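A short worksheet on the structure shown next.
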4 protein chains.
Amino acid sequence: MTRPALPDWRTTLPWPAVDVHKHARGRLGVVSGKATQTGAARLAARAGLRIGAGVVRILCPPDATAVIAPAIEAIMLTPFGSDEALAEAAANLDAVVIGPAAGINDATQANVRALAGTGAALVVDADGLTVFEGWPEDLFEVLDRDDVLTPHEGEFRRLFPVLLEQGREAAAAEAAKRAGAVVVLKGVATVIAAPDGRLSVNDNGTPWLATAGSGDVLAGMIAGLMAQRMDSFDAARAAVWMHAEAARGFGPGLIAEDLPERIPAVLAALYSQAV
Amino acid sequence: MTRPALPDWRTTLPWPAVDVHKHARGRLGVVSGKATQTGAARLAARAGLRIGAGVVRILCPPDATAVIAPAIEAIMLTPFGSDEALAEAAANLDAVVIGPAAGINDATQANVRALAGTGAALVVDADGLTVFEGWPEDLFEVLDRDDVLTPHEGEFRRLFPVLLEQGREAAAAEAAKRAGAVVVLKGVATVIAAPDGRLSVNDNGTPWLATAGSGDVLAGMIAGLMAQRMDSFDAARAAVWMHAEAARGFGPGLIAEDLPERIPAVLAALYSQAV
Amino acid sequence: MTRPALPDWRTTLPWPAVDVHKHARGRLGVVSGKATQTGAARLAARAGLRIGAGVVRILCPPDATAVIAPAIEAIMLTPFGSDEALAEAAANLDAVVIGPAAGINDATQANVRALAGTGAALVVDADGLTVFEGWPEDLFEVLDRDDVLTPHEGEFRRLFPVLLEQGREAAAAEAAKRAGAVVVLKGVATVIAAPDGRLSVNDNGTPWLATAGSGDVLAGMIAGLMAQRMDSFDAARAAVWMHAEAARGFGPGLIAEDLPERIPAVLAALYSQAV
Amino acid sequence: MTRPALPDWRTTLPWPAVDVHKHARGRLGVVSGKATQTGAARLAARAGLRIGAGVVRILCPPDATAVIAPAIEAIMLTPFGSDEALAEAAANLDAVVIGPAAGINDATQANVRALAGTGAALVVDADGLTVFEGWPEDLFEVLDRDDVLTPHEGEFRRLFPVLLEQGREAAAAEAAKRAGAVVVLKGVATVIAAPDGRLSVNDNGTPWLATAGSGDVLAGMIAGLMAQRMDSFDAARAAVWMHAEAARGFGPGLIAEDLPERIPAVLAALYSQAV
């Protein structure tokens, strides 16, 4: 367990090479919920684009197309009608977010599994976690060490019913081992644990993040870094820190829509230290 | 009656605890009008989110879904088709705004009553007041002391036909007693009265607030504070003052859309005095 | 003819009284074109709201409802299906803009005439002028001295075929007399003429205003001041000057959407001189 | 080949004359993709409007109308149902962008050809290039020296399979000769070549431009200058430089939506040197 004064992830941030093009810079997908619940995906996609994924695509149920299409410009859109179609649409993606406003139903379960069969690294959040309550092994068996789970404590308990009795850090460490994936246990001091034993506790948390959509933005930030080939554990640590830094810079009155727009300032400060 | 130089509500503002999560920070609902009249609900919801409600949900007639869905991100959306469905959708909410652009019809009356039967504290505004013209007791009998009515003088007269002859302060005081709820009598010097006799006159009013949608924003601000468990009388006093402060900071050319975006600056100034 | 160093309209700007409410501050209507052509009305409405009209309502063909509704918040919306329905929808309005993207067809002619029969002062622009090419007397006979025509030179020639041979100032003066309404002959030095012989040449014109939608914003600004009971000739002079001032403050790269957002700064500078 | 320290295109930028009107300032068209893929056209259109085209119109498949209409204000919209209808809609335009998100299909090929038969200068980008893979002569025979192709290296290879073996500058020069049009070979050092032998290498490239939609904005900027009657080779050089300058000014976190909004600052700096 380490709590670095100067986080070592700073040296691994994926600044674009001088001759990079957008596809090489990373392709991110975000799975949207149904027509009345598309905001979460739009927040995550915007965050992923801001943090540097070169190409970002929202994958949505057909009925959500008319809602999302007028609200995006640089972000792209592909409707899908089944889990097979989703996997096909994700075939060329480097990372995918699934879970925010996805719906607690069989389709979400099938979609998570379908995506796990692609080459994309996954960030599984919110409903994408909850749908495996009672049979978490069904989720764990399809994950690999590049994937990331981002539960708050309630969602964590659904997958790991008694682990929190050991304390948050031990619980996250054990959860990562069982899941075979990085676990981000969110809270005032978010714990990030990798299946190989690496563990980190974030130290710049802020209560301003307790606002709807904040977690969707975080999922998009983590996946946006992963799409740029950052190690998943480092991506999670970096995104958690930057997410909180963006919120601290804003202060009272923060809403989730503000967070992606603060990413450039947070990145600029890190970049000026990096070069 | 008190006119404090340093409003005592400042010490009761609901700053988030260090370990708060979004649901604990308060859940706000806003009832939308029909498809052509959804702007008022969106303004109120945005204001409630900015002032700190952790989760904000617009509850809308089914035909308004396609209008609202593309225009929101962090704010959530639930369509309802009847007053029973509305009450069910509001079951877990801490506070609800009803009235802005609701429509002057039987459905609005039924919706107010249905919401009064839930555990949510209500802010009843605009059409939600007007529909009880002629039978105000039907409204008063379902309210309790945590609810807030926000009439301008025209709407006040519809519920309390002759009270204003006593002057605004006495009228508001008597109205609060009759209604058994907090009454916010809007105007250049807005009067806030509680059924237990507390009364306050706001002293930072500004004519720049005389613009369409301004009242919708105020309703959202009051309810946003109430959702965070602030006492209704204090929430009303605080919101009225912050609403005017936001407008004064903007000055000429203000439109209602500007107000929610000014809340962070107003909150930041209060926060810096509070901590 | 006067070219005042310090425009006298500055003393007649309609700053809101301390106890004003939104309806008393003026009600503005803007008639929208069909579903693919609603942007002009939205620009004019936004400008009218920013310049101080207390209530602004877009009146639109039924098929345009779904386009406009998601794009507005404080601005209100009423669909109309005939010229009679339009007049009815405008019954309580103080001023109405008609013409921007209205369509060159019989319906636009009928709509102008229907509005002229209401109590609202009119700003007739663009297609609202062009539809009277060949029979301008049909327009002039329904106008009165509170109405304003806002042609560029091409539109001016359609209503007054040879007048421009006399020069722009004489032409505008004669046109105002014939029309029995204020004429705003747009150009680098916009000429404003009243039927009673008052005439003014604007002196702060800027080529940055040569961008699509700029005229729609001007129409909304003029009507927004008229809705606040400013004399039509003064409203036209003031709006033309403020419109140019807003553009000059922005400079290269200006698009019409920027103009309403610059109105607060222009108003603030005038207000600081006025009080 | 020249790499000027002070680019000579700066003296040929089309600042508006004092008495210009919007149509004389240049009319730009942008062809949109289908309903799920309209963002590229909106980005290009916004960029063309910001860089000074007086009138900008998106030309879209009928099913895209409902998506685009709510998202534009000053930009205009015309649906088209066939290549003939597209050519008719473009009859009065000075320049047209085709290709971004156009779709790789026969319709796009037919649309490029139809537009080439109008008087408008073309910027052919993205799918508009790719659809001629295998039969590039079909494209070249309809182009003239005022037209511009904007391939990245992948697209360049589809039209000129082996040329890049000669190096980027020689390849672009030869390509321009073969195509009979200006070729903009994009990359970290974008090469601009004219069929008459003029060639320039841009020297202010930045990796922040490696983000989705960046190329769409560039196409709109080039065409926006061409619509203002700037020589196509100079327009391409100027737009490439300004596009990069806008990105460098923003730095980390840039997304394509930021670029059009940075054009005013870039233009203002150039304007202050020009006057």
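Ordering of the structure tokens sets the chain letters (A, B, ...), residue numbers begin anew at 1 in every chain, and ligands are numbered from 1 in the order given.
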Could I have chain D as a CSV table (one decimal) with C-alpha atoms, in the first residue's frame after it is superimposed on chain A by least squares, pairing all C-alpha atoms in sequence order?
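Resulting contents of result-v3.csv:
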```
chain,number,residue,atom,x,y,z
D,1,MET,CA,0.0,0.2,0.2
D,2,THR,CA,1.3,3.5,-0.8
D,3,ARG,CA,0.1,7.1,-0.4
D,4,PRO,CA,2.7,9.0,-2.5
D,5,ALA,CA,3.2,12.7,-1.8
D,6,LEU,CA,3.9,13.1,-5.5
D,7,PRO,CA,1.7,10.5,-7.2
D,8,ASP,CA,3.8,8.4,-9.6
D,9,TRP,CA,1.0,8.2,-12.1
D,10,ARG,CA,1.9,11.7,-13.1
D,11,THR,CA,4.8,10.4,-15.1
D,12,THR,CA,2.7,7.9,-17.0
D,13,LEU,CA,0.0,10.3,-18.2
D,14,PRO,CA,-0.6,9.7,-21.9
D,15,TRP,CA,0.4,13.1,-23.5
D,16,PRO,CA,-0.1,12.9,-27.2
D,17,ALA,CA,3.0,12.3,-29.3
D,18,VAL,CA,3.9,15.0,-31.8
D,19,ASP,CA,2.8,12.8,-34.7
D,20,VAL,CA,-0.2,11.1,-33.2
D,21,HIS,CA,-3.5,10.9,-35.0
D,22,LYS,CA,-6.9,10.7,-33.4
D,23,HIS,CA,-7.4,6.9,-33.8
D,24,ALA,CA,-4.0,6.1,-32.4
D,25,ARG,CA,-4.7,8.4,-29.5
D,26,GLY,CA,-7.4,6.0,-28.3
D,27,ARG,CA,-11.0,5.0,-29.1
D,28,LEU,CA,-13.5,5.1,-26.3
D,29,GLY,CA,-17.1,3.8,-26.3
D,30,VAL,CA,-19.8,4.6,-23.8
D,31,VAL,CA,-23.0,2.6,-23.5
D,32,SER,CA,-26.1,4.7,-23.0
D,33,GLY,CA,-29.3,3.9,-21.2
D,34,LYS,CA,-32.7,4.2,-22.7
D,35,ALA,CA,-34.2,7.3,-24.2
D,36,THR,CA,-35.1,9.0,-20.9
D,37,GLN,CA,-31.8,8.2,-19.4
D,38,THR,CA,-29.1,9.3,-21.8
D,39,GLY,CA,-27.5,12.1,-19.7
D,40,ALA,CA,-25.1,9.8,-17.9
D,41,ALA,CA,-23.6,8.5,-21.1
D,42,ARG,CA,-23.3,12.0,-22.5
D,43,LEU,CA,-21.4,13.1,-19.3
D,44,ALA,CA,-19.1,10.1,-19.4
D,45,ALA,CA,-18.4,10.5,-23.1
D,46,ARG,CA,-17.7,14.2,-22.8
D,47,ALA,CA,-15.3,13.5,-19.9
D,48,GLY,CA,-13.5,10.8,-21.9
D,49,LEU,CA,-13.1,13.1,-24.9
D,50,ARG,CA,-11.8,16.0,-22.7
D,51,ILE,CA,-9.2,13.8,-21.0
D,52,GLY,CA,-7.8,12.8,-24.3
D,53,ALA,CA,-9.4,9.9,-26.0
D,54,GLY,CA,-9.1,10.7,-29.7
D,55,VAL,CA,-12.4,9.2,-30.8
D,56,VAL,CA,-15.5,8.8,-28.6
D,57,ARG,CA,-18.6,6.9,-29.6
D,58,ILE,CA,-21.9,6.5,-27.7
D,59,LEU,CA,-23.5,3.2,-28.2
D,60,CYS,CA,-27.2,3.5,-27.6
D,61,PRO,CA,-30.5,1.6,-27.7
D,62,PRO,CA,-32.3,2.6,-30.9
D,63,ASP,CA,-35.0,4.6,-29.1
D,64,ALA,CA,-32.3,6.8,-27.6
D,65,THR,CA,-30.9,7.9,-31.0
D,66,ALA,CA,-33.2,10.9,-31.4
D,67,VAL,CA,-32.4,12.1,-27.9
D,68,ILE,CA,-28.6,11.9,-28.2
D,69,ALA,CA,-28.0,12.9,-31.8
D,70,PRO,CA,-28.9,16.6,-31.4
D,71,ALA,CA,-26.9,16.9,-28.2
D,72,ILE,CA,-23.5,15.8,-29.6
D,73,GLU,CA,-21.0,17.2,-32.2
D,74,ALA,CA,-17.5,15.7,-31.9
D,75,ILE,CA,-18.8,12.6,-30.1
D,76,MET,CA,-20.2,9.9,-32.5
D,77,LEU,CA,-23.2,7.7,-32.2
D,78,THR,CA,-24.1,4.1,-33.1
D,79,PRO,CA,-27.4,2.5,-32.2
D,80,PHE,CA,-27.4,-1.2,-31.2
D,81,GLY,CA,-30.4,-3.6,-31.0
D,82,SER,CA,-28.9,-6.6,-29.2
D,83,ASP,CA,-25.8,-7.6,-27.2
D,84,GLU,CA,-24.3,-9.2,-30.3
D,85,ALA,CA,-24.8,-5.9,-32.2
D,86,LEU,CA,-23.2,-4.1,-29.2
D,87,ALA,CA,-20.1,-6.3,-29.3
D,88,GLU,CA,-19.8,-5.7,-33.0
D,89,ALA,CA,-20.1,-2.0,-32.6
D,90,ALA,CA,-17.4,-2.1,-30.0
D,91,ALA,CA,-15.0,-4.3,-32.1
D,92,ASN,CA,-12.5,-1.5,-32.7
D,93,LEU,CA,-12.7,0.3,-29.4
D,94,ASP,CA,-9.9,0.4,-26.9
D,95,ALA,CA,-12.0,1.0,-23.8
D,96,VAL,CA,-15.7,1.0,-23.0
D,97,VAL,CA,-17.8,2.4,-20.1
D,98,ILE,CA,-20.9,0.4,-19.3
D,99,GLY,CA,-23.3,0.8,-16.4
D,100,PRO,CA,-24.3,4.5,-15.9
D,101,ALA,CA,-28.1,4.6,-16.3
D,102,ALA,CA,-27.9,1.2,-18.1
D,103,GLY,CA,-31.0,-0.2,-16.3
D,104,ILE,CA,-31.1,-3.1,-13.9
D,105,ASN,CA,-32.2,-5.8,-16.2
D,106,ASP,CA,-31.1,-8.9,-18.2
D,107,ALA,CA,-30.1,-6.8,-21.2
D,108,THR,CA,-27.5,-5.0,-19.1
D,109,GLN,CA,-26.1,-8.3,-17.9
D,110,ALA,CA,-25.9,-9.6,-21.4
D,111,ASN,CA,-24.3,-6.4,-22.6
D,112,VAL,CA,-21.5,-6.5,-20.0
D,113,ARG,CA,-20.7,-10.1,-21.0
D,114,ALA,CA,-20.8,-9.3,-24.7
D,115,LEU,CA,-18.4,-6.4,-24.2
D,116,ALA,CA,-16.1,-8.5,-22.1
D,117,GLY,CA,-15.6,-10.7,-25.1
D,118,THR,CA,-14.2,-7.9,-27.2
D,119,GLY,CA,-10.7,-6.5,-27.0
D,120,ALA,CA,-11.8,-3.4,-25.2
D,121,ALA,CA,-10.9,-2.7,-21.6
D,122,LEU,CA,-14.0,-2.2,-19.6
D,123,VAL,CA,-15.1,0.3,-16.9
D,124,VAL,CA,-18.1,-1.3,-15.2
D,125,ASP,CA,-20.1,1.1,-13.1
D,126,ALA,CA,-23.5,1.6,-11.4
D,127,ASP,CA,-26.2,-0.6,-12.9
D,128,GLY,CA,-23.5,-2.7,-14.7
D,129,LEU,CA,-22.4,-3.8,-11.2
D,130,THR,CA,-25.8,-4.0,-9.5
D,131,VAL,CA,-27.2,-6.5,-12.1
D,132,PHE,CA,-24.7,-9.0,-10.8
D,133,GLU,CA,-25.9,-8.9,-7.3
D,134,GLY,CA,-26.4,-12.5,-6.1
D,135,TRP,CA,-24.1,-14.0,-8.8
D,136,PRO,CA,-21.0,-11.8,-8.9
D,137,GLU,CA,-18.9,-14.7,-10.2
D,138,ASP,CA,-20.8,-14.4,-13.5
D,139,LEU,CA,-19.2,-11.0,-13.7
D,140,PHE,CA,-15.7,-11.9,-12.4
D,141,GLU,CA,-15.3,-14.8,-14.8
D,142,VAL,CA,-15.5,-12.5,-17.8
D,143,LEU,CA,-13.3,-9.7,-16.5
D,144,ASP,CA,-9.5,-9.5,-16.9
D,145,ARG,CA,-6.9,-7.4,-15.1
D,146,ASP,CA,-7.3,-4.5,-17.5
D,147,ASP,CA,-10.9,-4.0,-16.5
D,148,VAL,CA,-12.1,-1.6,-13.8
D,149,LEU,CA,-15.1,-1.7,-11.4
D,150,THR,CA,-16.2,1.5,-9.9
D,151,PRO,CA,-18.6,0.8,-7.0
D,152,HIS,CA,-19.7,3.2,-4.3
D,153,GLU,CA,-20.2,1.4,-1.0
D,154,GLY,CA,-23.8,0.3,-1.7
D,155,GLU,CA,-22.8,-1.2,-5.0
D,156,PHE,CA,-19.7,-2.8,-3.4
D,157,ARG,CA,-21.8,-4.6,-0.9
D,158,ARG,CA,-24.0,-6.0,-3.6
D,159,LEU,CA,-21.0,-7.8,-5.1
D,160,PHE,CA,-19.0,-8.4,-2.0
D,161,PRO,CA,-21.6,-8.7,0.8
D,162,VAL,CA,-19.4,-8.9,3.9
D,163,LEU,CA,-16.0,-7.6,2.8
D,164,LEU,CA,-16.4,-4.1,4.1
D,165,GLU,CA,-16.3,-5.4,7.7
D,166,GLN,CA,-12.5,-5.7,7.1
D,167,GLY,CA,-12.2,-2.0,6.5
D,168,ARG,CA,-12.3,-0.2,3.2
D,169,GLU,CA,-8.7,-0.8,2.1
D,170,ALA,CA,-8.6,-4.5,2.9
D,171,ALA,CA,-12.0,-4.9,1.3
D,172,ALA,CA,-11.0,-3.3,-1.9
D,173,ALA,CA,-7.8,-5.3,-2.0
D,174,GLU,CA,-9.6,-8.6,-1.5
D,175,ALA,CA,-12.3,-7.5,-4.0
D,176,ALA,CA,-9.8,-6.8,-6.7
D,177,LYS,CA,-8.3,-10.3,-6.2
D,178,ARG,CA,-11.6,-12.0,-6.4
D,179,ALA,CA,-12.8,-10.0,-9.4
D,180,GLY,CA,-9.5,-10.2,-11.2
D,181,ALA,CA,-9.8,-6.6,-12.0
D,182,VAL,CA,-9.1,-3.1,-10.7
D,183,VAL,CA,-11.6,-2.0,-8.0
D,184,VAL,CA,-12.3,1.6,-7.3
D,185,LEU,CA,-14.2,1.8,-4.0
D,186,LYS,CA,-15.5,5.3,-4.1
D,187,GLY,CA,-16.0,7.5,-1.1
D,188,VAL,CA,-14.4,10.5,0.6
D,189,ALA,CA,-11.1,8.6,0.5
D,190,THR,CA,-11.5,6.5,-2.6
D,191,VAL,CA,-9.5,3.3,-2.5
D,192,ILE,CA,-8.0,1.9,-5.8
D,193,ALA,CA,-6.9,-1.7,-5.7
D,194,ALA,CA,-5.4,-3.9,-8.4
D,195,PRO,CA,-5.5,-7.7,-8.5
D,196,ASP,CA,-1.7,-7.9,-8.3
D,197,GLY,CA,-1.8,-6.3,-4.8
D,198,ARG,CA,-1.2,-2.6,-5.7
D,199,LEU,CA,-3.4,-0.4,-3.6
D,200,SER,CA,-3.7,3.4,-3.3
D,201,VAL,CA,-5.9,5.7,-1.3
D,202,ASN,CA,-6.9,9.0,-2.9
D,203,ASP,CA,-6.1,12.0,-0.7
D,204,ASN,CA,-7.8,15.0,-2.3
D,205,GLY,CA,-11.5,14.0,-2.0
D,206,THR,CA,-14.1,16.7,-1.7
D,207,PRO,CA,-17.8,16.7,-0.7
D,208,TRP,CA,-18.6,18.9,-3.7
D,209,LEU,CA,-18.5,15.7,-5.7
D,210,ALA,CA,-21.7,14.5,-4.0
D,211,THR,CA,-23.9,15.5,-6.9
D,212,ALA,CA,-25.8,13.5,-9.5
D,213,GLY,CA,-23.7,12.5,-12.5
D,214,SER,CA,-20.4,12.9,-10.8
D,215,GLY,CA,-19.7,9.2,-10.9
D,216,ASP,CA,-20.6,9.0,-14.6
D,217,VAL,CA,-17.9,11.7,-15.3
D,218,LEU,CA,-15.4,9.7,-13.3
D,219,ALA,CA,-16.1,6.5,-15.2
D,220,GLY,CA,-15.6,8.4,-18.5
D,221,MET,CA,-12.3,9.9,-17.2
D,222,ILE,CA,-10.9,6.5,-16.2
D,223,ALA,CA,-11.9,4.9,-19.5
D,224,GLY,CA,-10.6,7.9,-21.4
D,225,LEU,CA,-7.2,7.4,-20.0
D,226,MET,CA,-7.4,3.6,-20.5
D,227,ALA,CA,-8.3,4.2,-24.1
D,228,GLN,CA,-5.0,6.0,-24.4
D,229,ARG,CA,-3.2,2.8,-23.2
D,230,MET,CA,-2.6,4.0,-19.7
D,231,ASP,CA,-2.3,1.1,-17.2
D,232,SER,CA,-5.8,0.6,-15.7
D,233,PHE,CA,-4.6,0.9,-12.1
D,234,ASP,CA,-2.7,4.1,-12.9
D,235,ALA,CA,-5.6,5.4,-15.0
D,236,ALA,CA,-8.0,4.9,-12.1
D,237,ARG,CA,-5.7,6.6,-9.6
D,238,ALA,CA,-5.1,9.5,-12.0
D,239,ALA,CA,-8.7,10.0,-12.9
D,240,VAL,CA,-9.9,9.9,-9.3
D,241,TRP,CA,-7.4,12.5,-8.3
D,242,MET,CA,-8.1,14.8,-11.3
D,243,HIS,CA,-11.9,14.4,-10.8
D,244,ALA,CA,-11.5,15.7,-7.3
D,245,GLU,CA,-9.1,18.4,-8.3
D,246,ALA,CA,-11.6,19.6,-10.9
D,247,ALA,CA,-14.3,19.7,-8.2
D,248,ARG,CA,-12.1,21.5,-5.6
D,249,GLY,CA,-11.3,24.1,-8.2
D,250,PHE,CA,-15.0,24.8,-8.7
D,251,GLY,CA,-16.2,24.7,-5.1
D,252,PRO,CA,-19.8,25.3,-3.9
D,253,GLY,CA,-22.5,25.1,-6.5
D,254,LEU,CA,-20.7,22.4,-8.6
D,255,ILE,CA,-22.8,20.2,-10.8
D,256,ALA,CA,-21.6,17.3,-12.8
D,257,GLU,CA,-21.7,19.2,-16.1
D,258,ASP,CA,-19.0,21.5,-14.8
D,259,LEU,CA,-16.5,18.7,-14.3
D,260,PRO,CA,-15.6,17.9,-18.0
D,261,GLU,CA,-15.2,21.6,-18.6
D,262,ARG,CA,-12.6,21.8,-15.8
D,263,ILE,CA,-10.5,19.0,-17.1
D,264,PRO,CA,-8.4,21.2,-19.4
D,265,ALA,CA,-7.3,23.4,-16.5
D,266,VAL,CA,-6.4,20.3,-14.4
D,267,LEU,CA,-4.5,18.8,-17.4
D,268,ALA,CA,-2.7,22.0,-18.1
D,269,ALA,CA,-1.3,22.2,-14.6
D,270,LEU,CA,-0.1,18.6,-14.8
D,271,TYR,CA,1.3,19.1,-18.3
D,272,SER,CA,3.3,22.2,-17.2
D,273,GLN,CA,4.9,20.0,-14.6
D,274,ALA,CA,5.5,17.1,-17.0
D,275,VAL,CA,7.4,19.0,-19.8
```
DSSP says alpha helix (DSSP H) for which residues of stretch 9-111 of chain C? Put them as a PyMOL selection string?
-> chain C and resi 39-50+65-68+83-89+106-111
Extract the full set of strand (DSSP E) residues from stretch 75-264 of chain D according to DSSP on the backbone, and format it as a ChimeraX atom specification.
-> /D:76-79,95-98,121-124,148-149,182-185,191-193,199-201
